[in-house]
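Following: one structure in structure tokens, then a few remarks.
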Protein chains: 2
Amino acid sequence: MTGYALPIKRLIEELSKFPGIGEKTATRLALHILHASDENAAMLAESILDVKRKIHLCPVCFHLTESDKCDVCSDPSRDGQSICVVEEPDTLIAIEESGSFRGTYHVLHGALAPLDGIGPDHLKLKELLDRIVANHIKEIIIATNPNVQGEATALLIAKMLKGMDVKISRIACGVPMGGDLKYTDRMTLAKSLEYRRIV
Amino acid sequence: MTGYALPIKRLIEELSKFPGIGEKTATRLALHILHASDENAAMLAESILDVKRKIHLCPVCFHLTESDKCDVCSDPSRDGQSICVVEEPDTLIAIEESGSFRGTYHVLHGALAPLDGIGPDHLKLKELLDRIVANHIKEIIIATNPNVQGEATALLIAKMLKGMDVKISRIACGVPMGGDLKYTDRMTLAKSLEYRRIV
């Protein structure tokens with residue numbers, strides 16, 4: 001990085017802040033910006049500012065949205081009594097893309113991670129509870145990630161909702177479709193055996 | 001990408017234009033920007049615009065610079081009669097970081113690639129010739145990349161300067177320092193044998 005003019009160095013520094021982008025990749029990106037047309041660079045800068053200006057959280061489900069409510073929450077054809085709880089907006093998008101869920105969502109914006117200082121208060125859990133109580137929600141599908149943090153969060157939600165008149169389920173764990181059993185990790189194989197279904 | 005609000009989609013699209021950045025990585029970067037503070041996003045956008053506004057090519061060697069002339073060209077302690085010819089500014093930086101060259105540079109901004117429509121006129125070759133004639137340059141070190149395009153460019157430069165009173169050399173090809181011969185590709189091994197030095 002030494003040797004580049006100051007504005008380039010500063011851009012490399014800014015780009016290095018991205019997750020998974022080191023100094024070498026940042027340098028490559030910075031030089032790409034330098035070679036791009038003025039309009040392209042301006043468009044990139046503008047869309048960065050735009051996203052910060054225009055995007056906010058949906059007040060109902062906390063998905064990212066440009067409008068008052070997000071597309072899912074403002075769609076009257078969706079089943080408002082079924083809520084799929086996810087950690088992040090990208091999981092919501094992935095489920096939407098699978099086209100297999102017609103209810104609504106609730107984005108927690110994280111998962112329990114006590115070692116990183118993320119406790120229940122950092123997640124949109126109270127909001128979930130309020131929503132369930134206020135709207136007579138019938139079903140909660142917990143779609144947090146199948147890892148330590150996600151499982152802990154799922155357990156906490158299940159515990160929190162215990163005694164309430166709501167059906168709670170957790171997405172299925174097992175071998176991924178199209179996968180090859182011999183390449184599947186042991187943990188997943190063990191889970192797929194444990195959770196075997198009668199056919 | 002479907003499912004995200006329009007400003008996010010637009011940012012993902014802009015970020016996907018980077019080399020080596022696909023839609024998935026672009027999405028990850030866009031969400032990172034969304035989670036970053038407003039100041040950080042503004043700083044990133046500003047430095048993108050800054051780099052386009054402030055950076056231009058050094059009129060002597062065509063390195064990227066913020067000032068009139070680049071740091072190397074404006075340094076009186078450098079040997080102005082020795083020119084190291086490189087394809088891109090990043091090669092110049094790499095050589096500078098090695099600290100093994102005290103002359104000046106000439107950045108071609110590319111290499112011969114007839115299949116991509118890049119001929120001699122697209123490179124700063126005429127400018128190199130003018131510079132050699134006007135400044136009584138004594139030595140040219142050709143440090144284009146050791147691949148087909150770089151070698152073709154090196155050959156062209158050598159041919160172009162034939163008959164002129166200037167020492168022309170090409171950087172050495174061989175096994176990299178610290179490497180292990182058994183993991184070195186055959187082409188490099190062949191070159192390292194062909195160019196063996198008497199010790």
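Following the order of the structure tokens, chains are lettered A, B, ..., residues in each are numbered from 1, and ligands are numbered from 1.
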
Give one line per residue of chain A that approaches chain B to at most 8 Å, naming the two atoms of the closest pair and their distance in Å to one decimal, counting only C-alpha atoms; sort by chain then ascending residue number and deliver it as JSON lines.
```
{"residue": "A:Met1", "atom": "CA", "partner": "B:Ile93", "partner_atom": "CA", "distance": 7.6}
{"residue": "A:Thr2", "atom": "CA", "partner": "B:Ile93", "partner_atom": "CA", "distance": 7.4}
{"residue": "A:Gly3", "atom": "CA", "partner": "B:Ile93", "partner_atom": "CA", "distance": 5.8}
{"residue": "A:Tyr4", "atom": "CA", "partner": "B:Ile93", "partner_atom": "CA", "distance": 7.2}
{"residue": "A:Ala5", "atom": "CA", "partner": "B:Thr65", "partner_atom": "CA", "distance": 5.5}
{"residue": "A:Leu6", "atom": "CA", "partner": "B:Glu66", "partner_atom": "CA", "distance": 7.3}
{"residue": "A:Pro7", "atom": "CA", "partner": "B:Val51", "partner_atom": "CA", "distance": 5.3}
{"residue": "A:Ile8", "atom": "CA", "partner": "B:Val51", "partner_atom": "CA", "distance": 5.9}
{"residue": "A:Arg10", "atom": "CA", "partner": "B:Ser47", "partner_atom": "CA", "distance": 6.6}
{"residue": "A:Leu11", "atom": "CA", "partner": "B:Ser47", "partner_atom": "CA", "distance": 5.2}
{"residue": "A:Glu14", "atom": "CA", "partner": "B:Leu44", "partner_atom": "CA", "distance": 5.7}
{"residue": "A:Leu15", "atom": "CA", "partner": "B:Leu44", "partner_atom": "CA", "distance": 7.3}
{"residue": "A:Phe18", "atom": "CA", "partner": "B:Leu29", "partner_atom": "CA", "distance": 6.5}
{"residue": "A:Pro19", "atom": "CA", "partner": "B:Leu29", "partner_atom": "CA", "distance": 7.4}
{"residue": "A:Leu29", "atom": "CA", "partner": "B:Phe18", "partner_atom": "CA", "distance": 6.4}
{"residue": "A:His32", "atom": "CA", "partner": "B:Phe18", "partner_atom": "CA", "distance": 6.9}
{"residue": "A:Ile33", "atom": "CA", "partner": "B:Ile48", "partner_atom": "CA", "distance": 7.3}
{"residue": "A:Leu34", "atom": "CA", "partner": "B:Lys52", "partner_atom": "CA", "distance": 6.1}
{"residue": "A:Asp38", "atom": "CA", "partner": "B:Lys52", "partner_atom": "CA", "distance": 6.7}
{"residue": "A:Ala41", "atom": "CA", "partner": "B:Ile48", "partner_atom": "CA", "distance": 6.6}
{"residue": "A:Ala42", "atom": "CA", "partner": "B:Leu49", "partner_atom": "CA", "distance": 6.4}
{"residue": "A:Met43", "atom": "CA", "partner": "B:Glu14", "partner_atom": "CA", "distance": 7.5}
{"residue": "A:Leu44", "atom": "CA", "partner": "B:Glu14", "partner_atom": "CA", "distance": 5.7}
{"residue": "A:Ala45", "atom": "CA", "partner": "B:Ala45", "partner_atom": "CA", "distance": 4.3}
{"residue": "A:Glu46", "atom": "CA", "partner": "B:Ala45", "partner_atom": "CA", "distance": 7.1}
{"residue": "A:Ser47", "atom": "CA", "partner": "B:Leu11", "partner_atom": "CA", "distance": 5.2}
{"residue": "A:Ile48", "atom": "CA", "partner": "B:Ala45", "partner_atom": "CA", "distance": 6.3}
{"residue": "A:Leu49", "atom": "CA", "partner": "B:Ala42", "partner_atom": "CA", "distance": 6.4}
{"residue": "A:Asp50", "atom": "CA", "partner": "B:Pro7", "partner_atom": "CA", "distance": 6.4}
{"residue": "A:Val51", "atom": "CA", "partner": "B:Pro7", "partner_atom": "CA", "distance": 5.3}
{"residue": "A:Lys52", "atom": "CA", "partner": "B:Leu34", "partner_atom": "CA", "distance": 6.1}
{"residue": "A:Lys54", "atom": "CA", "partner": "B:Pro7", "partner_atom": "CA", "distance": 7.2}
{"residue": "A:Ile55", "atom": "CA", "partner": "B:Pro7", "partner_atom": "CA", "distance": 7.3}
{"residue": "A:Leu64", "atom": "CA", "partner": "B:Ala5", "partner_atom": "CA", "distance": 7.1}
{"residue": "A:Thr65", "atom": "CA", "partner": "B:Ala5", "partner_atom": "CA", "distance": 5.5}
{"residue": "A:Glu66", "atom": "CA", "partner": "B:Ala5", "partner_atom": "CA", "distance": 5.8}
{"residue": "A:Ile93", "atom": "CA", "partner": "B:Gly3", "partner_atom": "CA", "distance": 5.7}
{"residue": "A:Glu96", "atom": "CA", "partner": "B:Gly3", "partner_atom": "CA", "distance": 7.2}
{"residue": "A:Glu97", "atom": "CA", "partner": "B:Thr2", "partner_atom": "CA", "distance": 7.4}
```

Please provide as a PDB file with C-alpha atoms, in the first residue's frame all residues within 6 Å of A:Gly174, with the sequence filter that same-chain residues fewer than 4 positions apart are discarded (counting only C-alpha atoms).
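Output file result.pdb is given in full below:
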```pdb
ATOM      1  CA  THR A 188     -25.035 -33.519  10.068  1.00  0.00           C
ATOM      2  CA  LYS A 191     -28.573 -35.313  13.159  1.00  0.00           C
ATOM      3  CA  SER A 192     -30.078 -36.809   9.993  1.00  0.00           C
TER       4      SER A 192
END
```

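For the set B:Gly163, B:Pro114, B:Gly119, B:Gly103, the residue with the smallest atom-to-atom gap to B:Asp79 is B:Gly103, counting only C-alpha atoms.
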
Could you pull out the strand (DSSP E or B) residues of stretch 96-171 of chain A from DSSP and send them as an MDAnalysis selection string? chainID A and resid 103:107 113 118 139:142 167:170

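Nearest residue to A:Cys58, choosing from A:Asp180, A:Glu127, A:Asp165, A:Glu23 and counting only C-alpha atoms: A:Glu127.
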
May I ask for the distance between atom CA of B:Lys167 and atom CA of B:Ile140, given in Å to one decimal place?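 Going from atom CA of B:Lys167 over to atom CA of B:Ile140 covers 6.1 Å.
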
Can you tell me, as a ChimeraX atom specification, what residues are no more than 7 Å from stretch 141-152 of chain B when counting only C-alpha atoms, ignoring any on the same chain fewer than 6 positions away? /B:83-87,111-113,168-171

How about saving the chosen residues, N, CA, C and O atoms kept, as a compact mmCIF listing (two decimals), in the first residue's frame?
```txt
# COMPACT_ATOMS: atom_id res chain seq x y z
N ILE B 83 15.51 3.42 -16.44
CA ILE B 83 14.04 3.32 -16.41
C ILE B 83 13.62 1.86 -16.32
O ILE B 83 14.08 1.03 -17.11
N CYS B 84 12.77 1.57 -15.35
CA CYS B 84 12.19 0.24 -15.23
C CYS B 84 10.79 0.29 -15.83
O CYS B 84 9.93 1.04 -15.37
N VAL B 85 10.55 -0.51 -16.87
CA VAL B 85 9.26 -0.47 -17.57
C VAL B 85 8.33 -1.52 -16.98
O VAL B 85 8.67 -2.71 -16.95
N VAL B 86 7.17 -1.09 -16.49
CA VAL B 86 6.21 -2.03 -15.89
C VAL B 86 4.86 -1.92 -16.60
O VAL B 86 4.59 -0.93 -17.28
N GLU B 87 4.02 -2.95 -16.43
CA GLU B 87 2.70 -2.92 -17.07
C GLU B 87 1.73 -2.01 -16.31
O GLU B 87 1.02 -1.22 -16.91
N ALA B 111 -0.50 -4.53 -21.45
CA ALA B 111 0.47 -5.34 -22.18
C ALA B 111 -0.19 -5.73 -23.49
O ALA B 111 -1.42 -5.71 -23.61
N LEU B 112 0.61 -6.07 -24.47
CA LEU B 112 0.08 -6.48 -25.78
C LEU B 112 -0.89 -7.64 -25.61
O LEU B 112 -0.55 -8.64 -24.98
N ALA B 113 -2.08 -7.52 -26.12
CA ALA B 113 -3.05 -8.61 -26.08
C ALA B 113 -3.94 -8.48 -27.31
O ALA B 113 -5.07 -7.99 -27.21
N ILE B 168 19.55 -2.65 -22.62
CA ILE B 168 18.21 -3.20 -22.36
C ILE B 168 18.34 -4.52 -21.63
O ILE B 168 19.10 -5.40 -22.04
N SER B 169 17.62 -4.67 -20.51
CA SER B 169 17.64 -5.96 -19.83
C SER B 169 16.23 -6.37 -19.46
O SER B 169 15.30 -5.57 -19.45
N ARG B 170 16.06 -7.65 -19.15
CA ARG B 170 14.75 -8.19 -18.77
C ARG B 170 14.94 -8.77 -17.38
O ARG B 170 15.96 -9.41 -17.11
N ILE B 171 13.97 -8.58 -16.48
CA ILE B 171 14.09 -9.16 -15.14
C ILE B 171 14.26 -10.68 -15.24
O ILE B 171 13.77 -11.29 -16.18
```

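Pairwise distance (atom CA of B:Asp116, atom CA of B:Ile132) equals 28.2 Å.
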
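Atom to atom, atom CA of A:Ile118 and atom CA of A:Gly22 stand 26.1 Å apart.
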
Nearest-residue call for A:Phe101, choices A:Arg78, A:Lys182, A:His122, A:Lys24, using only C-alpha atoms: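 Once distances to A:Phe101 are computed over only C-alpha atoms, the minimum belongs to A:Arg78.
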
All alpha helix (DSSP H) positions in stretch 60-151 of chain A, as a list in words: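 Checking each residue of stretch 60-151 of chain A, the alpha helix (DSSP H) ones are Pro89, Asp90, Thr91, Leu92, Ile93, Ala94, Ile95, Glu96, Glu97, Ser98, Leu125, Lys126, Glu127, Leu128, Leu129, Asp130, Arg131, Ile132, Val133, Ala134, Asn135, Val148, Gln149, Gly150 and Glu151 of chain A.
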
Write out the residues from the selection above, keeping C-alpha atoms, as a short mmCIF file (atom, residue, chain, number, x, y, z; two decimals), in the first residue's frame.
```
data_model
loop_
_atom_site.label_atom_id
_atom_site.label_comp_id
_atom_site.auth_asym_id
_atom_site.auth_seq_id
_atom_site.Cartn_x
_atom_site.Cartn_y
_atom_site.Cartn_z
CA PRO A 89 -32.43 -10.30 6.56
CA ASP A 90 -30.39 -12.48 4.19
CA THR A 91 -31.97 -15.63 5.66
CA LEU A 92 -35.39 -14.08 5.03
CA ILE A 93 -34.41 -13.45 1.40
CA ALA A 94 -33.14 -17.04 1.05
CA ILE A 95 -36.42 -18.47 2.37
CA GLU A 96 -38.40 -16.11 0.12
CA GLU A 97 -36.37 -17.32 -2.84
CA SER A 98 -37.20 -20.93 -1.99
CA LEU A 125 -37.12 -10.77 21.15
CA LYS A 126 -39.33 -8.47 23.17
CA GLU A 127 -40.76 -7.19 19.91
CA LEU A 128 -41.49 -10.79 18.88
CA LEU A 129 -43.29 -11.45 22.13
CA ASP A 130 -45.33 -8.24 21.83
CA ARG A 131 -46.23 -9.17 18.27
CA ILE A 132 -47.37 -12.67 19.24
CA VAL A 133 -49.54 -11.34 22.06
CA ALA A 134 -51.04 -8.45 20.10
CA ASN A 135 -51.84 -10.37 16.91
CA VAL A 148 -24.26 -23.06 18.52
CA GLN A 149 -25.57 -19.47 18.59
CA GLY A 150 -28.61 -20.26 16.47
CA GLU A 151 -29.52 -23.33 18.53
#
```
